[in-house]
Structure formats: structure tokens, C-alpha cells
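Enquirer: Supplied in C-alpha cells, the structure appears directly below.
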Amino acid sequence: NAGVMQNPRHLVRRRGQEARLRCSPMKGHSHVYWYRQLPEEGLKFMVYLQKENIIDESGMPKERFSAEFPKEGPSILRIQQVVRGDSAAYFCASSPLGQETQYFGPGTRLLVL
Amino acid sequence: DAKTTQPTSMDCAEGRAANLPCNHSTISGNEYVYWYRQIHSQGPQYIIHGLKNNETNEMASLIITEDRKSSTLILPHATLRDTAVYYCIVRLRTNLYGGSQGNLIFGKGTKLSVKP
């Protein structure tokens, strides 16, 4: 059973461009979570989704950030008009229905020039 | 979720047991204790979790005190590859309808350095 997959692993964008980060949960997992880790800081929750539903987006910045988890395909974290402060590692985790344990992917490192 | 307190850093000799403490004095009866670790530049890795009984798996053992106000993660034979930041997290059990309780709250954790 493959683990949580994220791509790309590294992403470089110039200020003002859009960044799209993808997360494929583990097989059979219906919950997806996105976390952000700024340089030299801890992980911070951003958003929690189930298929076609956003359950909790309390950690997501109100502007420029959006997330989706469609019926088919990976979950997408989208950052519009990126700024240098968006440079961070973005981690996705997944869990199956009825279980608390979250399994993390390897992360996407976003660098904004 | 209850707050946890962990030492900032610890050292351990390779081959020896690493004992990582965690205080969670405000834990409630329906909250689990979870341990994750993050090896440099990698995603967090689940280690173990428990409610009130001691737990053991292939990676580690978790000892929870009888009053549940503290716990200890034990890596029985630490290797250099166990060098990482270890996070103790307390969170609610799954709700009655099977849904997750949502996000994990990561503190600063304990930076464990295993030395040869």
C-alpha cells in the first residue's frame, strides 16, 4: 500500500505566480489535511477536507489560498499570487474514516523568488 | 485538545534506550496520547498512540502513568537514524459518527540527538 504521495516535491515560483500542490492520500483514506511549516518553525494546520467537502479551514489564510478534494483525483492546495512569505514546506496527511491516526506525505517545498 | 510540555532537547548514546517524557496534566478522559517524529526535511512520521494502557509496537513503547497526566516514549535501542524532533500530541477520540476530530496541534517537540 503506497503511502501519501505529494507532488511536486520542489516548486519554484516567482512573486505573483500561482502554485498548485497535489496530494494523493493513502488508498482507502477519505480524509485529507494540509499543514504548513515555515523555515525553522513547527507545523501549522491549514485545512481539513473530505471528498468534495471542506470540513475545517480555520488555519487557512483568508486571501489567495484555497483547497479542494474532488470526488476523483488528488487533493489540491492552490496559492494564487504567491509572495515570498509563502515559501515553506507544505505537508499533506490522510486518515481513514473512523480513525485518528494521520499519515503524512513527504511534503512539497515551495520557494518563491 | 490538552496542552503538552516536553523538554526542548535530549541526547542519547547509540544503542541505548531513549526515554522521552511528556507532561499533559490537563488531559481529559477521552483524549489519546499520540507521538510523531520528524526527521530533518521529511514529513512527520506516526510512531504510536495510547489511551490509558501501555502500548508497544515495532518502533517504540508508550508508557502512560496511571493518572494519565504524563507519558514516556521509549525507543529501546536508539540508532543514529532516530535523530529527529519528537512530538507528543493529545487529542480527542473519534466522534460518535466516525469522523475525525481534525487537525493535529504540533508544539515545539523534543529534539533528540543520538550520538555514536
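Within each chain, counting starts at residue 1; across the C-alpha cells, chains are named A, B, ... in the order shown, with ligands numbered 1 upward in that order.
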Give me, as number ranges by chain, the residues of chain A touching chain B, with the criterion being at most 10 Å (counting only C-alpha atoms).
Expert: A: 30-35, 41-50, 55-59, 89-93, 95-109
Enquirer: Tell me which protein, DNA and RNA residues are within 7 Å of A:Pro25, counting only C-alpha atoms, leaving out same-chain ones fewer than 4 positions away, and put them as a PyMOL selection string.
Expert: chain A and resi 4-5+29+32+94
Enquirer: Distance atom CA of A:Gly16-atom CA of A:Val83, one decimal place?
Expert: 6.6 Å
Enquirer: Which residues, written as a list in words, have at least one atom at most 9 Å from A:Leu110, with only C-alpha atoms counted and residues fewer than 2 positions away on the same chain left out?
Expert: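 So, after excluding close chain neighbours, the residues are Arg9, His10, Leu11, Val12, Arg13, Ala19, Asp86, Ser87, Ala88, Ala89, Tyr90, Thr108 and Val112 of chain A.
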Enquirer: Report as a PyMOL selection string all protein, DNA and RNA residues lying within 10 Å of B:Ile63, evaluated on only C-alpha atoms, omitting residues in the same chain fewer than 5 positions from it.
Expert: chain B and resi 19+21+50+52-56+68+70-74
Enquirer: Using DSSP on the backbone coordinates, identify all residues within stretch 18-100 of chain B classified as strand (DSSP E); present the result as a PDB file with N, CA, C and O atoms, in the first residue's frame.
Expert:
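To be explicit, this is the file written out as part_11.pdb:
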```pdb
ATOM      1  N   ALA B  18      16.271   5.372  24.571  1.00  0.00           N
ATOM      2  CA  ALA B  18      15.932   6.798  24.644  1.00  0.00           C
ATOM      3  C   ALA B  18      14.555   6.907  25.286  1.00  0.00           C
ATOM      4  O   ALA B  18      13.600   6.274  24.825  1.00  0.00           O
ATOM      5  N   ASN B  19      14.496   7.678  26.367  1.00  0.00           N
ATOM      6  CA  ASN B  19      13.247   7.863  27.101  1.00  0.00           C
ATOM      7  C   ASN B  19      12.817   9.321  26.980  1.00  0.00           C
ATOM      8  O   ASN B  19      13.450  10.202  27.553  1.00  0.00           O
ATOM      9  N   LEU B  20      11.744   9.566  26.268  1.00  0.00           N
ATOM     10  CA  LEU B  20      11.296  10.930  26.015  1.00  0.00           C
ATOM     11  C   LEU B  20      10.033  11.199  26.823  1.00  0.00           C
ATOM     12  O   LEU B  20       8.997  10.581  26.581  1.00  0.00           O
ATOM     13  N   PRO B  21      10.111  12.144  27.761  1.00  0.00           N
ATOM     14  CA  PRO B  21       8.944  12.417  28.609  1.00  0.00           C
ATOM     15  C   PRO B  21       8.001  13.451  28.006  1.00  0.00           C
ATOM     16  O   PRO B  21       8.404  14.275  27.178  1.00  0.00           O
ATOM     17  N   CYS B  22       6.768  13.403  28.454  1.00  0.00           N
ATOM     18  CA  CYS B  22       5.756  14.373  28.036  1.00  0.00           C
ATOM     19  C   CYS B  22       4.764  14.570  29.180  1.00  0.00           C
ATOM     20  O   CYS B  22       4.257  13.598  29.742  1.00  0.00           O
ATOM     21  N   ASN B  23       4.531  15.810  29.525  1.00  0.00           N
ATOM     22  CA  ASN B  23       3.516  16.132  30.535  1.00  0.00           C
ATOM     23  C   ASN B  23       2.252  16.624  29.860  1.00  0.00           C
ATOM     24  O   ASN B  23       2.303  17.462  28.956  1.00  0.00           O
ATOM     25  N   GLU B  31      -9.291  11.618  25.689  1.00  0.00           N
ATOM     26  CA  GLU B  31      -8.194  12.077  24.839  1.00  0.00           C
ATOM     27  C   GLU B  31      -7.071  11.048  24.780  1.00  0.00           C
ATOM     28  O   GLU B  31      -6.636  10.525  25.804  1.00  0.00           O
ATOM     29  N   TYR B  32      -6.610  10.794  23.567  1.00  0.00           N
ATOM     30  CA  TYR B  32      -5.482   9.912  23.336  1.00  0.00           C
ATOM     31  C   TYR B  32      -4.170  10.697  23.433  1.00  0.00           C
ATOM     32  O   TYR B  32      -4.121  11.898  23.204  1.00  0.00           O
ATOM     33  N   VAL B  33      -3.098   9.955  23.698  1.00  0.00           N
ATOM     34  CA  VAL B  33      -1.740  10.500  23.584  1.00  0.00           C
ATOM     35  C   VAL B  33      -1.124   9.937  22.309  1.00  0.00           C
ATOM     36  O   VAL B  33      -1.053   8.719  22.123  1.00  0.00           O
ATOM     37  N   TYR B  34      -0.694  10.825  21.424  1.00  0.00           N
ATOM     38  CA  TYR B  34      -0.061  10.436  20.168  1.00  0.00           C
ATOM     39  C   TYR B  34       1.391  10.895  20.166  1.00  0.00           C
ATOM     40  O   TYR B  34       1.718  11.945  20.695  1.00  0.00           O
ATOM     41  N   TRP B  35       2.240  10.108  19.502  1.00  0.00           N
ATOM     42  CA  TRP B  35       3.626  10.502  19.277  1.00  0.00           C
ATOM     43  C   TRP B  35       3.928  10.440  17.787  1.00  0.00           C
ATOM     44  O   TRP B  35       3.632   9.447  17.116  1.00  0.00           O
ATOM     45  N   TYR B  36       4.513  11.520  17.314  1.00  0.00           N
ATOM     46  CA  TYR B  36       5.027  11.611  15.949  1.00  0.00           C
ATOM     47  C   TYR B  36       6.486  12.053  16.027  1.00  0.00           C
ATOM     48  O   TYR B  36       6.918  12.618  17.024  1.00  0.00           O
ATOM     49  N   ARG B  37       7.209  11.828  14.971  1.00  0.00           N
ATOM     50  CA  ARG B  37       8.551  12.386  14.879  1.00  0.00           C
ATOM     51  C   ARG B  37       8.771  12.951  13.485  1.00  0.00           C
ATOM     52  O   ARG B  37       8.107  12.536  12.518  1.00  0.00           O
ATOM     53  N   GLN B  38       9.693  13.879  13.395  1.00  0.00           N
ATOM     54  CA  GLN B  38      10.043  14.472  12.119  1.00  0.00           C
ATOM     55  C   GLN B  38      11.550  14.459  11.978  1.00  0.00           C
ATOM     56  O   GLN B  38      12.249  15.191  12.693  1.00  0.00           O
ATOM     57  N   GLN B  45       6.276  11.455  10.955  1.00  0.00           N
ATOM     58  CA  GLN B  45       6.043  10.017  10.922  1.00  0.00           C
ATOM     59  C   GLN B  45       5.312   9.594  12.184  1.00  0.00           C
ATOM     60  O   GLN B  45       5.753   9.901  13.300  1.00  0.00           O
ATOM     61  N   TYR B  46       4.212   8.906  12.013  1.00  0.00           N
ATOM     62  CA  TYR B  46       3.468   8.388  13.156  1.00  0.00           C
ATOM     63  C   TYR B  46       4.307   7.324  13.855  1.00  0.00           C
ATOM     64  O   TYR B  46       4.939   6.468  13.222  1.00  0.00           O
ATOM     65  N   ILE B  47       4.325   7.364  15.209  1.00  0.00           N
ATOM     66  CA  ILE B  47       5.063   6.355  15.960  1.00  0.00           C
ATOM     67  C   ILE B  47       4.109   5.434  16.698  1.00  0.00           C
ATOM     68  O   ILE B  47       4.115   4.220  16.509  1.00  0.00           O
ATOM     69  N   ILE B  48       3.287   6.006  17.563  1.00  0.00           N
ATOM     70  CA  ILE B  48       2.468   5.181  18.440  1.00  0.00           C
ATOM     71  C   ILE B  48       1.413   6.063  19.093  1.00  0.00           C
ATOM     72  O   ILE B  48       1.551   7.286  19.118  1.00  0.00           O
ATOM     73  N   HIS B  49       0.349   5.460  19.596  1.00  0.00           N
ATOM     74  CA  HIS B  49      -0.606   6.213  20.388  1.00  0.00           C
ATOM     75  C   HIS B  49      -1.233   5.299  21.427  1.00  0.00           C
ATOM     76  O   HIS B  49      -1.195   4.071  21.298  1.00  0.00           O
ATOM     77  N   GLY B  50      -1.830   5.913  22.466  1.00  0.00           N
ATOM     78  CA  GLY B  50      -2.478   5.137  23.509  1.00  0.00           C
ATOM     79  C   GLY B  50      -3.481   5.976  24.272  1.00  0.00           C
ATOM     80  O   GLY B  50      -3.456   7.205  24.213  1.00  0.00           O
ATOM     81  N   GLU B  55       1.472   0.773  25.559  1.00  0.00           N
ATOM     82  CA  GLU B  55       1.408   0.240  24.216  1.00  0.00           C
ATOM     83  C   GLU B  55       2.814  -0.014  23.700  1.00  0.00           C
ATOM     84  O   GLU B  55       3.755   0.701  24.071  1.00  0.00           O
ATOM     85  N   THR B  56       2.937  -1.006  22.840  1.00  0.00           N
ATOM     86  CA  THR B  56       4.226  -1.323  22.213  1.00  0.00           C
ATOM     87  C   THR B  56       3.988  -1.701  20.769  1.00  0.00           C
ATOM     88  O   THR B  56       3.025  -2.411  20.461  1.00  0.00           O
ATOM     89  N   SER B  61       7.806   1.943  22.566  1.00  0.00           N
ATOM     90  CA  SER B  61       6.833   1.658  23.632  1.00  0.00           C
ATOM     91  C   SER B  61       6.336   2.974  24.198  1.00  0.00           C
ATOM     92  O   SER B  61       7.089   3.970  24.248  1.00  0.00           O
ATOM     93  N   LEU B  62       5.103   2.965  24.613  1.00  0.00           N
ATOM     94  CA  LEU B  62       4.493   4.145  25.230  1.00  0.00           C
ATOM     95  C   LEU B  62       4.011   3.766  26.615  1.00  0.00           C
ATOM     96  O   LEU B  62       3.202   2.845  26.764  1.00  0.00           O
ATOM     97  N   ILE B  63       4.558   4.474  27.599  1.00  0.00           N
ATOM     98  CA  ILE B  63       4.177   4.242  28.987  1.00  0.00           C
ATOM     99  C   ILE B  63       3.365   5.444  29.457  1.00  0.00           C
ATOM    100  O   ILE B  63       3.856   6.579  29.432  1.00  0.00           O
ATOM    101  N   ILE B  64       2.126   5.209  29.866  1.00  0.00           N
ATOM    102  CA  ILE B  64       1.244   6.276  30.342  1.00  0.00           C
ATOM    103  C   ILE B  64       1.026   6.066  31.832  1.00  0.00           C
ATOM    104  O   ILE B  64       0.673   4.953  32.258  1.00  0.00           O
ATOM    105  N   SER B  70       0.987  12.186  32.525  1.00  0.00           N
ATOM    106  CA  SER B  70       2.265  12.205  31.809  1.00  0.00           C
ATOM    107  C   SER B  70       2.480  10.874  31.116  1.00  0.00           C
ATOM    108  O   SER B  70       1.802   9.878  31.418  1.00  0.00           O
ATOM    109  N   SER B  71       3.417  10.888  30.172  1.00  0.00           N
ATOM    110  CA  SER B  71       3.737   9.665  29.458  1.00  0.00           C
ATOM    111  C   SER B  71       5.212   9.702  29.055  1.00  0.00           C
ATOM    112  O   SER B  71       5.857  10.762  29.086  1.00  0.00           O
ATOM    113  N   THR B  72       5.722   8.538  28.682  1.00  0.00           N
ATOM    114  CA  THR B  72       7.105   8.418  28.228  1.00  0.00           C
ATOM    115  C   THR B  72       7.147   7.565  26.968  1.00  0.00           C
ATOM    116  O   THR B  72       6.568   6.469  26.951  1.00  0.00           O
ATOM    117  N   LEU B  73       7.793   8.083  25.964  1.00  0.00           N
ATOM    118  CA  LEU B  73       8.043   7.306  24.753  1.00  0.00           C
ATOM    119  C   LEU B  73       9.408   6.667  24.899  1.00  0.00           C
ATOM    120  O   LEU B  73      10.390   7.343  25.221  1.00  0.00           O
ATOM    121  N   ILE B  74       9.494   5.376  24.664  1.00  0.00           N
ATOM    122  CA  ILE B  74      10.756   4.669  24.808  1.00  0.00           C
ATOM    123  C   ILE B  74      11.166   4.067  23.468  1.00  0.00           C
ATOM    124  O   ILE B  74      10.417   3.288  22.864  1.00  0.00           O
ATOM    125  N   LEU B  75      12.355   4.474  23.016  1.00  0.00           N
ATOM    126  CA  LEU B  75      12.984   3.825  21.865  1.00  0.00           C
ATOM    127  C   LEU B  75      14.015   2.873  22.452  1.00  0.00           C
ATOM    128  O   LEU B  75      15.026   3.319  22.995  1.00  0.00           O
ATOM    129  N   ALA B  84      15.861  13.056  15.533  1.00  0.00           N
ATOM    130  CA  ALA B  84      14.669  13.707  14.981  1.00  0.00           C
ATOM    131  C   ALA B  84      14.052  14.592  16.058  1.00  0.00           C
ATOM    132  O   ALA B  84      14.487  14.579  17.219  1.00  0.00           O
ATOM    133  N   VAL B  85      13.026  15.336  15.669  1.00  0.00           N
ATOM    134  CA  VAL B  85      12.196  16.054  16.634  1.00  0.00           C
ATOM    135  C   VAL B  85      10.977  15.187  16.921  1.00  0.00           C
ATOM    136  O   VAL B  85      10.297  14.742  15.990  1.00  0.00           O
ATOM    137  N   TYR B  86      10.739  14.931  18.203  1.00  0.00           N
ATOM    138  CA  TYR B  86       9.651  14.060  18.625  1.00  0.00           C
ATOM    139  C   TYR B  86       8.529  14.901  19.231  1.00  0.00           C
ATOM    140  O   TYR B  86       8.759  15.713  20.127  1.00  0.00           O
ATOM    141  N   TYR B  87       7.320  14.675  18.732  1.00  0.00           N
ATOM    142  CA  TYR B  87       6.171  15.449  19.165  1.00  0.00           C
ATOM    143  C   TYR B  87       5.184  14.580  19.938  1.00  0.00           C
ATOM    144  O   TYR B  87       4.785  13.511  19.464  1.00  0.00           O
ATOM    145  N   CYS B  88       4.803  15.059  21.095  1.00  0.00           N
ATOM    146  CA  CYS B  88       3.760  14.434  21.900  1.00  0.00           C
ATOM    147  C   CYS B  88       2.488  15.263  21.706  1.00  0.00           C
ATOM    148  O   CYS B  88       2.513  16.477  21.903  1.00  0.00           O
ATOM    149  N   ILE B  89       1.416  14.637  21.278  1.00  0.00           N
ATOM    150  CA  ILE B  89       0.178  15.355  20.945  1.00  0.00           C
ATOM    151  C   ILE B  89      -0.984  14.653  21.624  1.00  0.00           C
ATOM    152  O   ILE B  89      -1.092  13.430  21.580  1.00  0.00           O
ATOM    153  N   VAL B  90      -1.850  15.437  22.233  1.00  0.00           N
ATOM    154  CA  VAL B  90      -3.042  14.891  22.878  1.00  0.00           C
ATOM    155  C   VAL B  90      -4.262  15.338  22.088  1.00  0.00           C
ATOM    156  O   VAL B  90      -4.387  16.519  21.769  1.00  0.00           O
ATOM    157  N   ARG B  91      -5.123  14.397  21.769  1.00  0.00           N
ATOM    158  CA  ARG B  91      -6.305  14.799  21.019  1.00  0.00           C
ATOM    159  C   ARG B  91      -7.464  13.862  21.289  1.00  0.00           C
ATOM    160  O   ARG B  91      -7.313  12.743  21.736  1.00  0.00           O
ATOM    161  N   LEU B  92      -8.663  14.369  20.943  1.00  0.00           N
ATOM    162  CA  LEU B  92      -9.888  13.653  21.246  1.00  0.00           C
ATOM    163  C   LEU B  92     -10.023  12.382  20.413  1.00  0.00           C
ATOM    164  O   LEU B  92      -9.491  12.288  19.312  1.00  0.00           O
TER     165      LEU B  92
END
```
Enquirer: Could you jot down the atom CA of B:Thr83 to atom CA of A:Ala2 separation for me, Å, one decimal place?
Expert: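 That distance, rounded to one decimal, is 24.6 Å.
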